[in-house]
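Novice: Following this message is one structure expressed as structure tokens.
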Amino acid sequence: MESYLNTPIKEVITKFTQVGQILEEYQIGCVPCSVGTCLLKDIIEIHNLSEEDERALMARIAKVIYPDRKIDVPRISRKTGSRTKELKYSPPMKKLVEEHVLIKRWIALIPQVLEDLDLESSEDRQLVLEGVDFIRSYADKFHHAKEEDILFKYFDEKLDIVKTMLDDHTTARGHAKAVSEAVEKKDKEKIVKHLGAYGELLTEHIKKEDEILYPWMDRGLSVKQVGELFSRFYEADQASGQGVTERCVHFVIRVEERIRNRKEVVK
Ligand SMILES: [Fe+2]
Ligand SMILES: [Fe+2]
């Protein structure tokens with residue numbers, strides 16, 4: 001069993017497909033993950049399962065790998081903090097979670113924006129371009145930049161969980177570029193495809209960061225590092241200027257109002 005704990009998860013799942021299904025039951029999404037070189041033991045630690053869940057999960061995996069043998073399930077030693085399930089964040093991590101809230105507000109509006117979209121209207125084209133500006137200026141340059149240039153540097157960037165997040169950021173940039181090009185060409189199909197895909201990608205990405213990545217990172221940071229992060233985030237925000245947040249908050253409020261007003265007219 002010990003050797004499987006030190007095996008990349010994709011190899012374990014390829015050999016024993018049922019292991020993937022068991023992990024999914026515990027909301028551990030290794031099967032769709034594009035990287036898959038996390039070790040089984042790291043996955044247990046990153047997801048911070050309770051002792052009880054860990055024992056049950058490991059016993060089921062052991063049974064799949066060794067169906068005819070009785071296996072002593074090893075307890076996985078943890079490098080980091082406690083096993084509480086409650087999501088509590090340090091001040092810098094809380095700041096990132098709060099930034100996600102504004103990004104989620106824009107994402108929540110995307111399906112309606114796409115449904116109402118008339119590319120012959122310059123107002124509608126402008127709205128999509130402002131949506132792309134939100135993605136580039138706030139979600140990417142203001143928020144993702146703090147993750148990439150500051151937070152992730154405290155960890156091993158070769159870790160799958162970090163690589164997956166970086167890949168998501170790159171994919172998101174590609175969607176933003178495709179949407180802005182499609183507005184120029186008045187290509188509605190392309191806008192629907194890429195803005196819709198952006199919304200889906202970021203929804204999953206934010207969920208992973210809020211529920212798995214940030215709590216795991218918080219458990220690994222010292223008090224000194226938390227303080228350092230907080231001031232470095234503050235400095236980064238000062239450098240990017242208050243204007244970005246204000247502009248992007250106003251954009252979201254305007255789109256929310258527009259959708260509310262349209263719904264009232266339809267009533
Ligand atoms: Fe991110
Ligand atoms: Fe994020």
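Naming scheme: A, B, ... for chains in displayed order of the structure tokens; residues 1 onward per chain; ligands 1 onward as shown.
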Need to verify the contact set: segment 5-19 of chain A, 6 Å, only C-alpha atoms, exclusion of same-chain residues closer than 2 positions in sequence. Can you return it as a count of residues only?

Specialist: 11

Novice: Skip Pro92 of chain A itself and residues of its chain fewer than 6 positions away, then list as a compact mmCIF listing (two decimals) with N, CA, C and O atoms, in the first residue's frame all residues within 9 Å of it, counting only C-alpha atoms.

Specialist:
```txt
# COMPACT_ATOMS: atom_id res chain seq x y z
N VAL A 226 2.26 35.01 6.66
CA VAL A 226 0.92 35.58 6.49
C VAL A 226 0.99 37.10 6.54
O VAL A 226 0.41 37.80 5.70
N GLY A 227 1.75 37.64 7.51
CA GLY A 227 1.90 39.09 7.64
C GLY A 227 2.57 39.68 6.40
O GLY A 227 2.14 40.71 5.88
N LEU A 229 2.63 38.40 3.38
CA LEU A 229 1.69 38.31 2.25
C LEU A 229 0.71 39.47 2.27
O LEU A 229 0.44 40.09 1.24
N PHE A 230 0.19 39.74 3.48
CA PHE A 230 -0.80 40.80 3.61
C PHE A 230 -0.23 42.13 3.13
O PHE A 230 -0.86 42.85 2.35
N SER A 231 1.00 42.45 3.57
CA SER A 231 1.55 43.74 3.14
C SER A 231 1.93 43.73 1.67
O SER A 231 1.79 44.74 0.99
N PHE A 233 0.35 42.09 -0.70
CA PHE A 233 -0.93 42.25 -1.44
C PHE A 233 -1.34 43.73 -1.43
O PHE A 233 -1.79 44.27 -2.43
N TYR A 234 -1.17 44.35 -0.25
CA TYR A 234 -1.55 45.76 -0.11
C TYR A 234 -0.73 46.62 -1.09
O TYR A 234 -1.28 47.45 -1.82
```

Novice: Excluding Arg55 of chain A and its own-chain neighbours fewer than 2 positions away, which residues fall within 12 Å of it when counting only C-alpha atoms? Please give them as a ChimeraX atom specification.

Specialist: /A:44,49-53,57-62,72-76

Novice: Produce a table with one row for each residue of chain A that has an atom at most 8 Å from any atom of ligand 2, each row naming the nearest atom pair and its distance in Å at one decimal; use only C-alpha atoms and all ligand atoms; arrange rows by chain and rising residue number; format as JSON lines.

Specialist:
```
{"residue": "A:Leu96", "atom": "CA", "partner": "ligand 2", "partner_atom_place_in_ligand_line": "1 (Fe)", "distance": 6.3}
{"residue": "A:Val97", "atom": "CA", "partner": "ligand 2", "partner_atom_place_in_ligand_line": "1 (Fe)", "distance": 7.2}
{"residue": "A:Glu99", "atom": "CA", "partner": "ligand 2", "partner_atom_place_in_ligand_line": "1 (Fe)", "distance": 7.7}
{"residue": "A:His100", "atom": "CA", "partner": "ligand 2", "partner_atom_place_in_ligand_line": "1 (Fe)", "distance": 6.2}
{"residue": "A:Ala139", "atom": "CA", "partner": "ligand 2", "partner_atom_place_in_ligand_line": "1 (Fe)", "distance": 7.9}
{"residue": "A:His143", "atom": "CA", "partner": "ligand 2", "partner_atom_place_in_ligand_line": "1 (Fe)", "distance": 6.4}
{"residue": "A:His144", "atom": "CA", "partner": "ligand 2", "partner_atom_place_in_ligand_line": "1 (Fe)", "distance": 5.9}
{"residue": "A:Glu147", "atom": "CA", "partner": "ligand 2", "partner_atom_place_in_ligand_line": "1 (Fe)", "distance": 6.8}
{"residue": "A:His205", "atom": "CA", "partner": "ligand 2", "partner_atom_place_in_ligand_line": "1 (Fe)", "distance": 7.3}
{"residue": "A:Ile206", "atom": "CA", "partner": "ligand 2", "partner_atom_place_in_ligand_line": "1 (Fe)", "distance": 5.7}
{"residue": "A:Glu209", "atom": "CA", "partner": "ligand 2", "partner_atom_place_in_ligand_line": "1 (Fe)", "distance": 6.2}
{"residue": "A:Asp210", "atom": "CA", "partner": "ligand 2", "partner_atom_place_in_ligand_line": "1 (Fe)", "distance": 7.9}
```

Novice: Deliver the residues from the most recent selection as a file, using N, CA and C atoms, as a short mmCIF file (atom, residue, chain, number, x, y, z; two decimals), in the first residue's frame.

Specialist:
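Here's the written file out_8.cif:
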```cif
data_model
loop_
_atom_site.label_atom_id
_atom_site.label_comp_id
_atom_site.auth_asym_id
_atom_site.auth_seq_id
_atom_site.Cartn_x
_atom_site.Cartn_y
_atom_site.Cartn_z
N LEU A 96 -8.36 37.59 -1.05
CA LEU A 96 -8.50 36.95 -2.36
C LEU A 96 -9.90 36.35 -2.51
N VAL A 97 -10.42 35.76 -1.43
CA VAL A 97 -11.76 35.17 -1.48
C VAL A 97 -12.79 36.27 -1.75
N GLU A 99 -12.25 39.03 -3.38
CA GLU A 99 -12.12 39.42 -4.80
C GLU A 99 -12.88 38.43 -5.69
N HIS A 100 -12.85 37.17 -5.30
CA HIS A 100 -13.61 36.16 -6.06
C HIS A 100 -15.10 36.52 -6.10
N ALA A 139 -10.00 40.56 -12.95
CA ALA A 139 -9.80 39.13 -12.66
C ALA A 139 -8.34 38.73 -12.91
N HIS A 143 -6.21 40.42 -9.74
CA HIS A 143 -6.36 39.26 -8.85
C HIS A 143 -5.38 38.12 -9.17
N HIS A 144 -5.43 37.58 -10.39
CA HIS A 144 -4.53 36.46 -10.72
C HIS A 144 -3.06 36.85 -10.54
N GLU A 147 -1.90 36.18 -7.14
CA GLU A 147 -1.67 34.75 -6.93
C GLU A 147 -0.35 34.33 -7.57
N HIS A 205 -12.71 27.05 -11.07
CA HIS A 205 -11.39 27.50 -10.59
C HIS A 205 -11.53 28.17 -9.21
N ILE A 206 -12.50 29.04 -9.09
CA ILE A 206 -12.70 29.76 -7.82
C ILE A 206 -13.11 28.79 -6.72
N GLU A 209 -10.07 27.04 -5.54
CA GLU A 209 -9.20 27.90 -4.72
C GLU A 209 -9.82 28.15 -3.35
N ASP A 210 -11.10 28.49 -3.32
CA ASP A 210 -11.77 28.78 -2.04
C ASP A 210 -11.79 27.57 -1.12
#
```

Novice: Report as a PDB file with N, CA, C and O atoms, in the first residue's frame all protein, DNA and RNA residues lying within 10 Å of Val132 of chain A, evaluated on only C-alpha atoms, omitting residues in the same chain fewer than 6 positions from it.

Specialist:
```pdb
ATOM      1  N   GLN A 126     -20.251  47.208 -26.874  1.00  0.00           N
ATOM      2  CA  GLN A 126     -19.480  47.898 -25.845  1.00  0.00           C
ATOM      3  C   GLN A 126     -19.536  47.128 -24.514  1.00  0.00           C
ATOM      4  O   GLN A 126     -18.536  46.984 -23.816  1.00  0.00           O
ATOM      5  N   TYR A 138      -9.406  43.309 -13.875  1.00  0.00           N
ATOM      6  CA  TYR A 138      -9.665  42.935 -12.477  1.00  0.00           C
ATOM      7  C   TYR A 138      -9.323  41.467 -12.211  1.00  0.00           C
ATOM      8  O   TYR A 138      -8.459  41.162 -11.382  1.00  0.00           O
ATOM      9  N   ALA A 139     -10.002  40.561 -12.948  1.00  0.00           N
ATOM     10  CA  ALA A 139      -9.796  39.133 -12.656  1.00  0.00           C
ATOM     11  C   ALA A 139      -8.343  38.727 -12.905  1.00  0.00           C
ATOM     12  O   ALA A 139      -7.766  37.975 -12.125  1.00  0.00           O
ATOM     13  N   ARG A 173      -7.159  33.596 -20.183  1.00  0.00           N
ATOM     14  CA  ARG A 173      -6.638  34.683 -21.041  1.00  0.00           C
ATOM     15  C   ARG A 173      -6.975  34.412 -22.509  1.00  0.00           C
ATOM     16  O   ARG A 173      -7.326  35.325 -23.248  1.00  0.00           O
ATOM     17  N   HIS A 175      -9.546  32.754 -23.640  1.00  0.00           N
ATOM     18  CA  HIS A 175     -10.975  33.026 -23.857  1.00  0.00           C
ATOM     19  C   HIS A 175     -11.222  34.528 -24.002  1.00  0.00           C
ATOM     20  O   HIS A 175     -11.987  34.968 -24.865  1.00  0.00           O
ATOM     21  N   ALA A 176     -10.564  35.331 -23.161  1.00  0.00           N
ATOM     22  CA  ALA A 176     -10.764  36.791 -23.223  1.00  0.00           C
ATOM     23  C   ALA A 176     -10.316  37.324 -24.588  1.00  0.00           C
ATOM     24  O   ALA A 176     -11.004  38.155 -25.208  1.00  0.00           O
ATOM     25  N   LYS A 177      -9.190  36.819 -25.070  1.00  0.00           N
ATOM     26  CA  LYS A 177      -8.665  37.259 -26.370  1.00  0.00           C
ATOM     27  C   LYS A 177      -9.656  36.883 -27.477  1.00  0.00           C
ATOM     28  O   LYS A 177      -9.991  37.702 -28.344  1.00  0.00           O
ATOM     29  N   ALA A 178     -10.151  35.644 -27.418  1.00  0.00           N
ATOM     30  CA  ALA A 178     -11.090  35.167 -28.448  1.00  0.00           C
ATOM     31  C   ALA A 178     -12.375  36.001 -28.436  1.00  0.00           C
ATOM     32  O   ALA A 178     -12.913  36.332 -29.508  1.00  0.00           O
ATOM     33  N   VAL A 179     -12.852  36.373 -27.251  1.00  0.00           N
ATOM     34  CA  VAL A 179     -14.090  37.164 -27.175  1.00  0.00           C
ATOM     35  C   VAL A 179     -13.846  38.544 -27.789  1.00  0.00           C
ATOM     36  O   VAL A 179     -14.662  39.027 -28.590  1.00  0.00           O
ATOM     37  N   SER A 180     -12.723  39.161 -27.453  1.00  0.00           N
ATOM     38  CA  SER A 180     -12.505  40.512 -27.984  1.00  0.00           C
ATOM     39  C   SER A 180     -12.360  40.475 -29.514  1.00  0.00           C
ATOM     40  O   SER A 180     -12.866  41.360 -30.211  1.00  0.00           O
ATOM     41  N   LEU A 195     -17.095  33.220 -24.028  1.00  0.00           N
ATOM     42  CA  LEU A 195     -17.485  33.878 -22.773  1.00  0.00           C
ATOM     43  C   LEU A 195     -18.169  32.851 -21.860  1.00  0.00           C
ATOM     44  O   LEU A 195     -17.978  32.852 -20.643  1.00  0.00           O
TER      45      LEU A 195
END
```

Novice: Within 12 Å of ligand 1, which residues of chain A come that close, and what is the closest atom pair and distance in Å for each? Count only C-alpha atoms and all ligand atoms and give it as a tab-separated table.

Specialist:
```
residue	atom	partner	partner_atom_place_in_ligand_line	distance
A:Met93	CA	ligand 1	1 (Fe)	11.8
A:Leu96	CA	ligand 1	1 (Fe)	9.2
A:Val97	CA	ligand 1	1 (Fe)	10.3
A:Glu99	CA	ligand 1	1 (Fe)	10.7
A:His100	CA	ligand 1	1 (Fe)	9.1
A:Ile103	CA	ligand 1	1 (Fe)	11.1
A:Ala139	CA	ligand 1	1 (Fe)	8.7
A:Asp140	CA	ligand 1	1 (Fe)	8.6
A:Lys141	CA	ligand 1	1 (Fe)	11.2
A:Phe142	CA	ligand 1	1 (Fe)	11.1
A:His143	CA	ligand 1	1 (Fe)	7.6
A:His144	CA	ligand 1	1 (Fe)	5.3
A:Ala145	CA	ligand 1	1 (Fe)	8.7
A:Lys146	CA	ligand 1	1 (Fe)	9.0
A:Glu147	CA	ligand 1	1 (Fe)	6.3
A:Glu148	CA	ligand 1	1 (Fe)	7.9
A:Asp149	CA	ligand 1	1 (Fe)	11.4
A:Ile150	CA	ligand 1	1 (Fe)	11.9
A:Leu151	CA	ligand 1	1 (Fe)	10.2
A:Phe152	CA	ligand 1	1 (Fe)	9.7
A:Ile161	CA	ligand 1	1 (Fe)	10.8
A:Val162	CA	ligand 1	1 (Fe)	9.1
A:Lys163	CA	ligand 1	1 (Fe)	10.5
A:Thr164	CA	ligand 1	1 (Fe)	9.3
A:Met165	CA	ligand 1	1 (Fe)	5.5
A:Leu166	CA	ligand 1	1 (Fe)	7.0
A:Asp167	CA	ligand 1	1 (Fe)	9.3
A:Asp168	CA	ligand 1	1 (Fe)	7.3
A:His169	CA	ligand 1	1 (Fe)	6.3
A:Thr170	CA	ligand 1	1 (Fe)	10.0
A:Thr171	CA	ligand 1	1 (Fe)	11.3
A:Ala172	CA	ligand 1	1 (Fe)	9.9
A:Arg173	CA	ligand 1	1 (Fe)	11.8
A:Leu201	CA	ligand 1	1 (Fe)	10.6
A:Leu202	CA	ligand 1	1 (Fe)	8.3
A:Thr203	CA	ligand 1	1 (Fe)	10.6
A:Glu204	CA	ligand 1	1 (Fe)	10.2
A:His205	CA	ligand 1	1 (Fe)	6.5
A:Ile206	CA	ligand 1	1 (Fe)	6.7
A:Lys207	CA	ligand 1	1 (Fe)	9.9
A:Lys208	CA	ligand 1	1 (Fe)	8.9
A:Glu209	CA	ligand 1	1 (Fe)	6.8
A:Asp210	CA	ligand 1	1 (Fe)	9.7
A:Ile212	CA	ligand 1	1 (Fe)	11.9
A:Leu213	CA	ligand 1	1 (Fe)	9.4
A:Tyr214	CA	ligand 1	1 (Fe)	10.0
```

Novice: Next, dump the selected residues to file, keeping only C-alpha atoms, as a short mmCIF file (atom, residue, chain, number, x, y, z; two decimals), in the first residue's frame.

Specialist:
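Below you can see out.cif, which holds the result:
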```
data_model
loop_
_atom_site.label_atom_id
_atom_site.label_comp_id
_atom_site.auth_asym_id
_atom_site.auth_seq_id
_atom_site.Cartn_x
_atom_site.Cartn_y
_atom_site.Cartn_z
CA MET A 93 -6.39 34.75 1.81
CA LEU A 96 -8.50 36.95 -2.36
CA VAL A 97 -11.76 35.17 -1.48
CA GLU A 99 -12.12 39.42 -4.80
CA HIS A 100 -13.61 36.16 -6.06
CA ILE A 103 -15.64 37.96 -10.22
CA ALA A 139 -9.80 39.13 -12.66
CA ASP A 140 -6.39 38.82 -14.31
CA LYS A 141 -4.09 41.81 -13.69
CA PHE A 142 -5.48 42.70 -10.26
CA HIS A 143 -6.36 39.26 -8.85
CA HIS A 144 -4.53 36.46 -10.72
CA ALA A 145 -1.35 38.54 -10.68
CA LYS A 146 -1.32 38.54 -6.86
CA GLU A 147 -1.67 34.75 -6.93
CA GLU A 148 0.99 34.21 -9.57
CA ASP A 149 3.56 36.83 -8.60
CA ILE A 150 3.20 36.68 -4.82
CA LEU A 151 1.17 33.84 -3.25
CA PHE A 152 2.25 30.90 -5.42
CA ILE A 161 -2.36 21.83 -7.75
CA VAL A 162 -0.43 25.04 -8.50
CA LYS A 163 0.23 24.05 -12.12
CA THR A 164 -3.48 23.39 -12.65
CA MET A 165 -4.33 26.87 -11.36
CA LEU A 166 -1.71 28.48 -13.62
CA ASP A 167 -3.05 26.54 -16.62
CA ASP A 168 -6.56 27.79 -15.83
CA HIS A 169 -5.29 31.39 -15.79
CA THR A 170 -3.68 30.87 -19.21
CA THR A 171 -6.84 29.29 -20.64
CA ALA A 172 -8.91 32.19 -19.26
CA ARG A 173 -6.64 34.68 -21.04
CA LEU A 201 -13.85 27.65 -16.10
CA LEU A 202 -13.69 30.43 -13.51
CA THR A 203 -16.61 29.01 -11.51
CA GLU A 204 -14.72 25.73 -11.05
CA HIS A 205 -11.39 27.50 -10.59
CA ILE A 206 -12.70 29.76 -7.82
CA LYS A 207 -14.38 26.84 -6.08
CA LYS A 208 -11.09 24.91 -6.07
CA GLU A 209 -9.20 27.90 -4.72
CA ASP A 210 -11.77 28.78 -2.04
CA ILE A 212 -9.06 23.43 -1.44
CA LEU A 213 -6.08 25.52 -2.50
CA TYR A 214 -6.29 28.52 -0.15
#
```

Novice: Report as a tab-separated table (two decimals) with all heavy atoms, in the first residue's frame all protein, DNA and RNA residues lying within 12 Å of Leu117 of chain A, evaluated on only C-alpha atoms, omitting residues in the same chain fewer than 5 positions from it.

Specialist:
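selection02.tsv was written with the following content:
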```tsv
chain	number	residue	atom	x	y	z
A	110	ILE	N	-23.22	36.50	-17.04
A	110	ILE	CA	-22.85	36.13	-18.42
A	110	ILE	C	-23.98	35.42	-19.19
A	110	ILE	O	-24.29	35.83	-20.32
A	110	ILE	CB	-21.52	35.32	-18.44
A	110	ILE	CG1	-20.36	36.25	-18.06
A	110	ILE	CG2	-21.27	34.67	-19.79
A	110	ILE	CD1	-18.99	35.56	-17.94
A	111	PRO	N	-24.64	34.39	-18.63
A	111	PRO	CA	-25.67	33.72	-19.43
A	111	PRO	C	-26.76	34.67	-19.93
A	111	PRO	O	-27.16	34.61	-21.10
A	111	PRO	CB	-26.26	32.68	-18.45
A	111	PRO	CG	-25.17	32.43	-17.47
A	111	PRO	CD	-24.45	33.74	-17.32
A	112	GLN	N	-27.19	35.61	-19.07
A	112	GLN	CA	-28.25	36.56	-19.49
A	112	GLN	C	-27.71	37.54	-20.53
A	112	GLN	O	-28.40	37.88	-21.50
A	112	GLN	CB	-28.78	37.30	-18.25
A	112	GLN	CG	-30.10	38.01	-18.47
A	112	GLN	CD	-31.22	37.07	-18.90
A	112	GLN	OE1	-31.45	36.06	-18.27
A	112	GLN	NE2	-31.89	37.40	-20.00
A	122	SER	N	-24.40	48.93	-30.89
A	122	SER	CA	-23.06	49.31	-30.42
A	122	SER	C	-23.00	49.25	-28.89
A	122	SER	O	-21.96	48.97	-28.30
A	122	SER	CB	-22.68	50.69	-30.94
A	122	SER	OG	-23.58	51.64	-30.43
A	123	GLU	N	-24.15	49.49	-28.27
A	123	GLU	CA	-24.20	49.42	-26.80
A	123	GLU	C	-23.90	48.00	-26.31
A	123	GLU	O	-23.15	47.80	-25.36
A	123	GLU	CB	-25.62	49.83	-26.34
A	123	GLU	CG	-25.70	50.17	-24.87
A	123	GLU	CD	-27.14	50.26	-24.40
A	123	GLU	OE1	-27.98	50.84	-25.13
A	123	GLU	OE2	-27.43	49.72	-23.33
A	124	ASP	N	-24.46	47.02	-27.02
A	124	ASP	CA	-24.21	45.62	-26.64
A	124	ASP	C	-22.76	45.21	-26.89
A	124	ASP	O	-22.15	44.51	-26.09
A	124	ASP	CB	-25.15	44.67	-27.40
A	124	ASP	CG	-26.53	44.62	-26.78
A	124	ASP	OD1	-26.87	45.56	-26.02
A	124	ASP	OD2	-27.27	43.65	-27.03
A	125	ARG	N	-22.23	45.70	-28.02
A	125	ARG	CA	-20.82	45.37	-28.32
A	125	ARG	C	-19.91	45.98	-27.25
A	125	ARG	O	-18.99	45.34	-26.76
A	125	ARG	CB	-20.41	45.89	-29.71
A	125	ARG	CG	-21.09	45.15	-30.86
A	125	ARG	CD	-20.34	45.36	-32.17
A	125	ARG	NE	-20.24	46.76	-32.56
A	125	ARG	CZ	-21.18	47.47	-33.22
A	125	ARG	NH1	-22.31	46.88	-33.57
A	125	ARG	NH2	-21.00	48.73	-33.53
A	126	GLN	N	-20.25	47.21	-26.87
A	126	GLN	CA	-19.48	47.90	-25.84
A	126	GLN	C	-19.54	47.13	-24.51
A	126	GLN	O	-18.54	46.98	-23.82
A	126	GLN	CB	-20.03	49.33	-25.69
A	126	GLN	CG	-19.33	50.20	-24.66
A	126	GLN	CD	-17.84	50.37	-24.97
A	126	GLN	OE1	-17.40	50.24	-26.12
A	126	GLN	NE2	-17.05	50.60	-23.93
A	127	LEU	N	-20.72	46.62	-24.21
A	127	LEU	CA	-20.89	45.87	-22.95
A	127	LEU	C	-19.97	44.64	-22.91
A	127	LEU	O	-19.33	44.36	-21.91
A	127	LEU	CB	-22.36	45.46	-22.81
A	127	LEU	CG	-22.76	44.84	-21.47
A	127	LEU	CD1	-24.18	45.25	-21.13
A	127	LEU	CD2	-22.67	43.34	-21.48
A	128	VAL	N	-19.91	43.92	-24.02
A	128	VAL	CA	-19.05	42.73	-24.05
A	128	VAL	C	-17.59	43.14	-23.91
A	128	VAL	O	-16.81	42.52	-23.17
A	128	VAL	CB	-19.28	41.90	-25.34
A	128	VAL	CG1	-18.32	40.71	-25.39
A	128	VAL	CG2	-20.70	41.41	-25.43
A	183	VAL	N	-15.85	40.14	-31.08
A	183	VAL	CA	-16.67	41.36	-31.08
A	183	VAL	C	-16.35	42.17	-32.35
A	183	VAL	O	-17.26	42.67	-33.02
A	183	VAL	CB	-16.42	42.21	-29.81
A	183	VAL	CG1	-17.16	43.54	-29.89
A	183	VAL	CG2	-16.85	41.45	-28.56
A	186	LYS	N	-18.10	40.70	-35.15
A	186	LYS	CA	-19.52	40.49	-34.84
A	186	LYS	C	-19.89	39.00	-34.94
A	186	LYS	O	-20.91	38.63	-35.53
A	186	LYS	CB	-20.41	41.32	-35.77
A	186	LYS	CG	-20.23	42.81	-35.60
A	186	LYS	CD	-21.31	43.56	-36.36
A	186	LYS	CE	-21.09	45.05	-36.34
A	186	LYS	NZ	-21.97	45.77	-37.24
A	187	ASP	N	-19.03	38.17	-34.39
A	187	ASP	CA	-19.23	36.72	-34.45
A	187	ASP	C	-19.87	36.26	-33.14
A	187	ASP	O	-19.18	35.96	-32.15
A	187	ASP	CB	-17.85	36.06	-34.67
A	187	ASP	CG	-17.93	34.56	-34.82
A	187	ASP	OD1	-18.96	33.97	-34.45
A	187	ASP	OD2	-16.94	33.98	-35.29
A	188	LYS	N	-21.19	36.19	-33.13
A	188	LYS	CA	-21.90	35.88	-31.90
A	188	LYS	C	-21.59	34.47	-31.39
A	188	LYS	O	-21.43	34.24	-30.19
A	188	LYS	CB	-23.42	36.06	-32.09
A	188	LYS	CG	-24.17	35.85	-30.77
A	188	LYS	CD	-25.59	36.33	-30.79
A	188	LYS	CE	-26.27	35.95	-29.48
A	188	LYS	NZ	-27.62	36.44	-29.35
A	189	GLU	N	-21.51	33.54	-32.34
A	189	GLU	CA	-21.26	32.14	-31.94
A	189	GLU	C	-19.95	32.03	-31.14
A	189	GLU	O	-19.89	31.34	-30.12
A	189	GLU	CB	-21.15	31.30	-33.21
A	189	GLU	CG	-21.56	29.86	-33.00
A	189	GLU	CD	-21.45	29.08	-34.29
A	189	GLU	OE1	-22.01	29.54	-35.32
A	189	GLU	OE2	-20.77	28.06	-34.27
A	191	ILE	N	-18.45	34.43	-29.49
A	191	ILE	CA	-18.57	35.12	-28.19
A	191	ILE	C	-19.27	34.20	-27.20
A	191	ILE	O	-18.83	34.03	-26.06
A	191	ILE	CB	-19.36	36.45	-28.34
A	191	ILE	CG1	-18.58	37.42	-29.22
A	191	ILE	CG2	-19.64	37.08	-26.97
A	191	ILE	CD1	-19.33	38.70	-29.55
A	192	VAL	N	-20.37	33.59	-27.65
A	192	VAL	CA	-21.14	32.69	-26.77
A	192	VAL	C	-20.23	31.55	-26.30
A	192	VAL	O	-20.19	31.22	-25.11
A	192	VAL	CB	-22.39	32.15	-27.50
A	192	VAL	CG1	-23.05	31.03	-26.70
A	192	VAL	CG2	-23.39	33.28	-27.76
A	195	LEU	N	-17.09	33.22	-24.03
A	195	LEU	CA	-17.48	33.88	-22.77
A	195	LEU	C	-18.17	32.85	-21.86
A	195	LEU	O	-17.98	32.85	-20.64
A	195	LEU	CB	-18.41	35.07	-23.06
A	195	LEU	CG	-18.54	36.12	-21.97
A	195	LEU	CD1	-17.18	36.58	-21.45
A	195	LEU	CD2	-19.34	37.32	-22.46
A	259	ILE	N	-29.94	44.19	-16.46
A	259	ILE	CA	-30.68	42.93	-16.54
A	259	ILE	C	-31.97	43.02	-15.72
A	259	ILE	O	-33.04	42.59	-16.15
A	259	ILE	CB	-29.78	41.75	-16.08
A	259	ILE	CG1	-28.69	41.52	-17.13
A	259	ILE	CG2	-30.59	40.48	-15.84
A	259	ILE	CD1	-27.66	40.47	-16.80
```

Novice: Between atom CA of Arg69 of chain A and atom CA of Met1 of chain A, measure the distance and give it in Å to one decimal.

Specialist: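 So the answer is 11.0 Å.
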
Novice: From a DSSP pass on the backbone, collect the residues of segment 38-257 of chain A flagged as helix (DSSP H, G or I) and hand them back as an NGL selection string.

Specialist: :A and (40-46 or 51-65 or 91-116 or 122-149 or 151-154 or 160-184 or 188-220 or 223-240 or 242-257)

Novice: Take atom CA of Val244 of chain A and atom CA of Ser137 of chain A and report the distance between them in Å, one decimal.

Specialist: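 Spanning atom CA of Val244 of chain A to atom CA of Ser137 of chain A is a straight-line distance of 6.7 Å.
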
Novice: May I ask which of the residues A:Glu246, A:Asp160, A:Glu181, A:Glu211 is the closest one to Glu86 of chain A, counting only C-alpha atoms?

Specialist: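 Using only C-alpha atoms, Glu86 of chain A sits closest to A:Glu211.
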
Novice: Might you pull out every residue within 9 Å of Trp106 of chain A, with only C-alpha atoms counted and same-chain residues fewer than 5 positions away left off, and present them as a list in words?

Specialist: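 With the cut-off at 9 Å, the set is Val101, Gly131, Phe134, Gly199, Phe251, Val252, Val255 and Glu256 of chain A.
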
Novice: Just the number, please: distance in Å from atom CA of Lys95 of chain A to atom CA of Val249 of chain A, one decimal.

Specialist: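 Value for the atom CA of Lys95 of chain A-atom CA of Val249 of chain A distance: 15.5 Å.
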